[in-house]
Structure formats: structure tokens, C-alpha cells
Amino acid sequence: MTTPAAQAAEAYLAEDEGLARARAAGVAAGASPISPAGGAALAVLAATVSARAVVEVGTGAGVSGLYLMRGMASDGTLTSIDVDPELQRTARASFLAAGFGPSRLRLINGMALEVLPRLTDGGYDLVVADAVPGEYPGYLAEAIRLLRPGGVLVLEGVFDGGRVAGEPADDGPGTAALREVTDQVRDDERLLSALLPVSDGILCAVRR
């Protein structure tokens, strides 16, 4: 059940036409875009580290990418990976309509765990994942390699619709992977982490 505090967080900032259009396109395509409060958190985190190089796993229809680019430095580049080419086409249209030109975008169609190993060690300010829950431990390993010291990791959707708060004996493969990755982030001495109760749970960490 959504709490009054969560409702207030979601209602705090109204989405403009560009975000509303991208969200509607995502819902129509069967995607589950990040919530307004979660998106606002992404923008703030990107701005906090003056992000110029960002990796996003899970382009969707572009909602999270729009939030990220609004927080990034004006010359920053978003590298966004998704296995669904139709969703990426929708996202590209949303980015361009919002005024973010091709020089700000690198959209890669493919499996994230095949694409991420090809990216540069220590070359990124921010790594965001909102994709296949069962692959989150793999995303974590790659993110630690990709992030510069002081860079930020964000794993979205770690509450798994409330299932992570249930009994471990009832876990499906995705929920079990989310439990595993939240423990790994908390216990990794290379990371300083926090679990934010916005959207469907945002786990964020700074690379020491």
C-alpha cells in the first residue's frame, strides 16, 4: 500500500509535456517507466556528480534517460542499452523532441551483459540499471569496473513490487537476485550505499 509520504514524494514535482509524452508512450508499449519521484532522484544524482558520461541499462521509452540528461552536464553523453529496438526508437524520438540531439546520445541495442564488458574501465560518472532483475548481480560487477572513484551506481526497482520484503522461501529467481545484490552492495567495502524508498526502491552507492 502506498504511504502518504510516498504519495507526497511522487506529487512533489509535476512532469512537463516531454516527460508525460514519453511516459504515455512507455506505458502503451508495455514498459514500466520509473516514477516521477524516482526520476527526480536520478536527475539530482546526475547533477550532484556533474555527470558527463552515464551508462543506463534499460532504455525503455526514455523516461529515465530524460531525467538523467536533465541532471547531466550540458556536454554529457548518455549511453543507453536495451534489447528491444522498438522501445529504443520510441526513446530516441522522445529525446530529440525534448531537445537532446544525437551528440548527447549513444543508444546500443543488445543484451546488457554482452555490451557492458566492451565499455571503458573507470570511464563513467554514473551507472544506472532498470532492467532484468535476475541480471542485477552481473550489472553490479560491471558497474564497479566502469565507475571512476566518486562515481555513483543506481539500481532501480530493488523492492520488486514489495516482494523483497516478504519471506526468502517464497522468492522467485528475480527476487532472489535482488536480495543478493542489495546485500552485495551493502557489504562491499568499495561502496558507500543507501536504499531510497522512492519509486520501486532505488539502491544507490558511491564508488570509493
# chains A, B, ... in the order shown; residues from 1 in each chain; ligands from 1
>>> closest_atom_pairs(of="stretch 88-152 of chain A", to="stretch 34-52 of chain A", cutoff="12 Å", atoms="only C-alpha atoms", output="JSON lines")
{"residue": "A:Arg104", "atom": "CA", "partner": "A:Arg52", "partner_atom": "CA", "distance": 9.6}
{"residue": "A:Leu105", "atom": "CA", "partner": "A:Arg52", "partner_atom": "CA", "distance": 11.5}
{"residue": "A:Gly123", "atom": "CA", "partner": "A:Arg52", "partner_atom": "CA", "distance": 9.9}
{"residue": "A:Tyr124", "atom": "CA", "partner": "A:Arg52", "partner_atom": "CA", "distance": 7.8}
{"residue": "A:Asp125", "atom": "CA", "partner": "A:Ala51", "partner_atom": "CA", "distance": 5.3}
{"residue": "A:Leu126", "atom": "CA", "partner": "A:Ala51", "partner_atom": "CA", "distance": 6.6}
{"residue": "A:Val127", "atom": "CA", "partner": "A:Ala46", "partner_atom": "CA", "distance": 9.8}
{"residue": "A:Val128", "atom": "CA", "partner": "A:Leu42", "partner_atom": "CA", "distance": 8.6}
{"residue": "A:Ala129", "atom": "CA", "partner": "A:Ile34", "partner_atom": "CA", "distance": 11.1}
{"residue": "A:Asp130", "atom": "CA", "partner": "A:Ile34", "partner_atom": "CA", "distance": 8.4}
{"residue": "A:Ala131", "atom": "CA", "partner": "A:Ile34", "partner_atom": "CA", "distance": 11.0}
{"residue": "A:Leu147", "atom": "CA", "partner": "A:Ala51", "partner_atom": "CA", "distance": 11.3}
{"residue": "A:Arg148", "atom": "CA", "partner": "A:Val49", "partner_atom": "CA", "distance": 11.0}
{"residue": "A:Pro149", "atom": "CA", "partner": "A:Val49", "partner_atom": "CA", "distance": 11.0}
{"residue": "A:Gly150", "atom": "CA", "partner": "A:Val49", "partner_atom": "CA", "distance": 7.9}
{"residue": "A:Gly151", "atom": "CA", "partner": "A:Val49", "partner_atom": "CA", "distance": 7.2}
{"residue": "A:Val152", "atom": "CA", "partner": "A:Leu45", "partner_atom": "CA", "distance": 7.8}
>>> write_last_selection(atoms="C-alpha atoms", output="PDB file, in the first residue's frame")
ATOM      1  CA  ARG A 104      24.186  13.562 -26.426  1.00  0.00           C
ATOM      2  CA  LEU A 105      23.054  10.008 -27.146  1.00  0.00           C
ATOM      3  CA  GLY A 123      35.254   5.828 -17.692  1.00  0.00           C
ATOM      4  CA  TYR A 124      31.841   6.688 -16.244  1.00  0.00           C
ATOM      5  CA  ASP A 125      30.423   9.043 -13.633  1.00  0.00           C
ATOM      6  CA  LEU A 126      27.104   7.256 -13.195  1.00  0.00           C
ATOM      7  CA  VAL A 127      25.773   3.771 -13.974  1.00  0.00           C
ATOM      8  CA  VAL A 128      22.012   3.190 -13.769  1.00  0.00           C
ATOM      9  CA  ALA A 129      20.225  -0.146 -14.163  1.00  0.00           C
ATOM     10  CA  ASP A 130      16.486  -0.682 -14.516  1.00  0.00           C
ATOM     11  CA  ALA A 131      16.202  -3.934 -16.417  1.00  0.00           C
ATOM     12  CA  LEU A 147      32.771   3.711 -12.415  1.00  0.00           C
ATOM     13  CA  ARG A 148      35.511   6.205 -11.643  1.00  0.00           C
ATOM     14  CA  PRO A 149      36.280   6.853  -7.951  1.00  0.00           C
ATOM     15  CA  GLY A 150      33.456   9.068  -6.714  1.00  0.00           C
ATOM     16  CA  GLY A 151      31.118   7.752  -9.401  1.00  0.00           C
ATOM     17  CA  VAL A 152      27.597   6.645  -8.498  1.00  0.00           C
TER      18      VAL A 152
END
>>> select_by_dssp(residues="stretch 12-170 of chain A", states="helix (DSSP H, G or I)", output="number ranges by chain")
A: 17-28, 36-48, 63-71, 85-97, 102-104, 112-118, 133-146, 160-165, 168-170
>>> select_by_dssp(residues="stretch 17-158 of chain A", states="strand (DSSP E or B)", output="number ranges by chain")
A: 53-57, 77-82, 105-109, 124-129, 147-156
>>> residues_around(residues="A:Val132", least_positions_apart="2", cutoff="12 Å", atoms="only C-alpha atoms", output="MDAnalysis selection string")
chainID A and resid 57:60 82:83 111:113 129:130 134:139 155:158 160 173:175 177:178
>>> write_last_selection(atoms="N, CA and C atoms", output="PDB file, in the first residue's frame")
ATOM      1  N   VAL A  57      21.283   0.966 -18.210  1.00  0.00           N
ATOM      2  CA  VAL A  57      20.850  -0.360 -18.646  1.00  0.00           C
ATOM      3  C   VAL A  57      19.327  -0.389 -18.568  1.00  0.00           C
ATOM      4  N   GLY A  58      18.693  -0.459 -19.728  1.00  0.00           N
ATOM      5  CA  GLY A  58      17.241  -0.419 -19.782  1.00  0.00           C
ATOM      6  C   GLY A  58      16.762   0.940 -20.265  1.00  0.00           C
ATOM      7  N   THR A  59      16.796   1.161 -21.577  1.00  0.00           N
ATOM      8  CA  THR A  59      16.362   2.439 -22.134  1.00  0.00           C
ATOM      9  C   THR A  59      14.874   2.650 -21.944  1.00  0.00           C
ATOM     10  N   GLY A  60      14.104   1.570 -22.083  1.00  0.00           N
ATOM     11  CA  GLY A  60      12.657   1.720 -22.037  1.00  0.00           C
ATOM     12  C   GLY A  60      12.207   2.693 -23.114  1.00  0.00           C
ATOM     13  N   ASP A  82      19.525  -1.371 -24.492  1.00  0.00           N
ATOM     14  CA  ASP A  82      18.246  -2.067 -24.370  1.00  0.00           C
ATOM     15  C   ASP A  82      18.179  -3.144 -25.441  1.00  0.00           C
ATOM     16  N   VAL A  83      17.525  -4.234 -25.102  1.00  0.00           N
ATOM     17  CA  VAL A  83      17.415  -5.347 -26.045  1.00  0.00           C
ATOM     18  C   VAL A  83      16.253  -5.144 -27.017  1.00  0.00           C
ATOM     19  N   MET A 111      22.044  -7.222 -25.557  1.00  0.00           N
ATOM     20  CA  MET A 111      21.981  -7.737 -24.190  1.00  0.00           C
ATOM     21  C   MET A 111      23.006  -7.008 -23.333  1.00  0.00           C
ATOM     22  N   ALA A 112      22.553  -6.473 -22.209  1.00  0.00           N
ATOM     23  CA  ALA A 112      23.429  -5.634 -21.392  1.00  0.00           C
ATOM     24  C   ALA A 112      24.696  -6.356 -20.951  1.00  0.00           C
ATOM     25  N   LEU A 113      24.578  -7.612 -20.562  1.00  0.00           N
ATOM     26  CA  LEU A 113      25.753  -8.328 -20.066  1.00  0.00           C
ATOM     27  C   LEU A 113      26.727  -8.695 -21.183  1.00  0.00           C
ATOM     28  N   ALA A 129      20.834   1.074 -13.622  1.00  0.00           N
ATOM     29  CA  ALA A 129      20.225  -0.146 -14.163  1.00  0.00           C
ATOM     30  C   ALA A 129      18.764  -0.221 -13.752  1.00  0.00           C
ATOM     31  N   ASP A 130      17.911  -0.439 -14.740  1.00  0.00           N
ATOM     32  CA  ASP A 130      16.486  -0.682 -14.516  1.00  0.00           C
ATOM     33  C   ASP A 130      16.059  -1.672 -15.587  1.00  0.00           C
ATOM     34  N   GLY A 134      17.004 -10.588 -12.573  1.00  0.00           N
ATOM     35  CA  GLY A 134      17.912 -11.712 -12.413  1.00  0.00           C
ATOM     36  C   GLY A 134      19.340 -11.419 -12.829  1.00  0.00           C
ATOM     37  N   GLU A 135      19.544 -10.337 -13.594  1.00  0.00           N
ATOM     38  CA  GLU A 135      20.882  -9.980 -14.060  1.00  0.00           C
ATOM     39  C   GLU A 135      21.546  -8.904 -13.196  1.00  0.00           C
ATOM     40  N   TYR A 136      20.870  -8.441 -12.153  1.00  0.00           N
ATOM     41  CA  TYR A 136      21.422  -7.344 -11.355  1.00  0.00           C
ATOM     42  C   TYR A 136      22.790  -7.652 -10.744  1.00  0.00           C
ATOM     43  N   PRO A 137      23.054  -8.864 -10.250  1.00  0.00           N
ATOM     44  CA  PRO A 137      24.408  -9.132  -9.751  1.00  0.00           C
ATOM     45  C   PRO A 137      25.473  -8.949 -10.833  1.00  0.00           C
ATOM     46  N   GLY A 138      25.147  -9.313 -12.071  1.00  0.00           N
ATOM     47  CA  GLY A 138      26.078  -9.087 -13.176  1.00  0.00           C
ATOM     48  C   GLY A 138      26.252  -7.619 -13.478  1.00  0.00           C
ATOM     49  N   TYR A 139      25.162  -6.847 -13.429  1.00  0.00           N
ATOM     50  CA  TYR A 139      25.254  -5.405 -13.640  1.00  0.00           C
ATOM     51  C   TYR A 139      26.152  -4.769 -12.576  1.00  0.00           C
ATOM     52  N   LEU A 155      20.682   1.218  -8.785  1.00  0.00           N
ATOM     53  CA  LEU A 155      19.902   0.044  -9.173  1.00  0.00           C
ATOM     54  C   LEU A 155      18.450   0.333  -8.827  1.00  0.00           C
ATOM     55  N   GLU A 156      17.594   0.385  -9.842  1.00  0.00           N
ATOM     56  CA  GLU A 156      16.203   0.765  -9.644  1.00  0.00           C
ATOM     57  C   GLU A 156      15.324  -0.478  -9.595  1.00  0.00           C
ATOM     58  N   GLY A 157      14.229  -0.390  -8.824  1.00  0.00           N
ATOM     59  CA  GLY A 157      13.268  -1.488  -8.755  1.00  0.00           C
ATOM     60  C   GLY A 157      13.643  -2.598  -7.798  1.00  0.00           C
ATOM     61  N   VAL A 158      14.505  -2.301  -6.822  1.00  0.00           N
ATOM     62  CA  VAL A 158      15.004  -3.369  -5.958  1.00  0.00           C
ATOM     63  C   VAL A 158      13.986  -3.847  -4.925  1.00  0.00           C
ATOM     64  N   ASP A 160      11.062  -4.796  -5.898  1.00  0.00           N
ATOM     65  CA  ASP A 160      10.378  -5.844  -6.667  1.00  0.00           C
ATOM     66  C   ASP A 160       8.886  -5.897  -6.322  1.00  0.00           C
ATOM     67  N   PRO A 173      13.267 -16.379  -8.995  1.00  0.00           N
ATOM     68  CA  PRO A 173      14.662 -16.098  -9.371  1.00  0.00           C
ATOM     69  C   PRO A 173      15.004 -14.608  -9.366  1.00  0.00           C
ATOM     70  N   GLY A 174      14.090 -13.764  -9.861  1.00  0.00           N
ATOM     71  CA  GLY A 174      14.371 -12.334  -9.897  1.00  0.00           C
ATOM     72  C   GLY A 174      14.460 -11.733  -8.517  1.00  0.00           C
ATOM     73  N   THR A 175      13.532 -12.092  -7.649  1.00  0.00           N
ATOM     74  CA  THR A 175      13.537 -11.566  -6.281  1.00  0.00           C
ATOM     75  C   THR A 175      14.783 -12.031  -5.540  1.00  0.00           C
ATOM     76  N   ALA A 177      17.670 -12.695  -6.816  1.00  0.00           N
ATOM     77  CA  ALA A 177      18.811 -11.926  -7.327  1.00  0.00           C
ATOM     78  C   ALA A 177      18.837 -10.524  -6.735  1.00  0.00           C
ATOM     79  N   LEU A 178      17.667  -9.912  -6.553  1.00  0.00           N
ATOM     80  CA  LEU A 178      17.610  -8.575  -5.961  1.00  0.00           C
ATOM     81  C   LEU A 178      18.050  -8.606  -4.498  1.00  0.00           C
TER      82      LEU A 178
END
>>> closest_residue(among="A:Val154, A:Ser32, A:Gly162, A:Asp16", to="A:Ala194", atoms="only C-alpha atoms")
A:Val154
>>> atom_distance(atom1="atom CA of A:Arg163", atom2="atom CA of A:Asp200")
10.6 Å
>>> residues_around(residues="A:Val63", least_positions_apart="4", cutoff="7 Å", atoms="only C-alpha atoms", output="JSON, numbers by chain")
{"A": [19, 22, 23, 33, 34, 67]}
>>> write_last_selection(atoms="N, CA and C atoms", output="short mmCIF file (atom, residue, chain, number, x, y, z; two decimals), in the first residue's frame")
data_model
loop_
_atom_site.label_atom_id
_atom_site.label_comp_id
_atom_site.auth_asym_id
_atom_site.auth_seq_id
_atom_site.Cartn_x
_atom_site.Cartn_y
_atom_site.Cartn_z
N LEU A 19 8.18 14.73 -20.67
CA LEU A 19 8.18 13.55 -19.82
C LEU A 19 6.84 12.83 -19.87
N ALA A 22 6.64 10.86 -23.07
CA ALA A 22 7.49 9.66 -23.02
C ALA A 22 6.88 8.61 -22.09
N ARG A 23 6.32 9.04 -20.98
CA ARG A 23 5.70 8.09 -20.05
C ARG A 23 4.50 7.39 -20.70
N PRO A 33 7.83 2.63 -16.79
CA PRO A 33 8.77 3.73 -16.56
C PRO A 33 8.96 4.03 -15.08
N ILE A 34 10.13 4.55 -14.75
CA ILE A 34 10.41 4.96 -13.39
C ILE A 34 9.41 6.03 -12.97
N TYR A 67 15.22 12.16 -17.52
CA TYR A 67 15.58 12.67 -16.19
C TYR A 67 17.10 12.75 -16.04
#
>>> closest_residue(among="A:Arg186, A:Arg145, A:Arg208, A:Arg70", to="A:Phe100", atoms="only C-alpha atoms")
A:Arg70
>>> atom_distance(atom1="atom CA of A:Phe159", atom2="atom CA of A:Leu119")
28.1 Å
>>> closest_residue(among="A:Val181, A:Ser103, A:Gly18, A:Asn109", to="A:Ala141", atoms="only C-alpha atoms")
A:Val181
>>> atom_distance(atom1="atom CA of A:Ala29", atom2="atom CA of A:Ala8")
27.4 Å
>>> closest_residue(among="A:Ser199, A:Thr77, A:Ser193, A:Gln7", to="A:Pro102", atoms="only C-alpha atoms")
A:Thr77
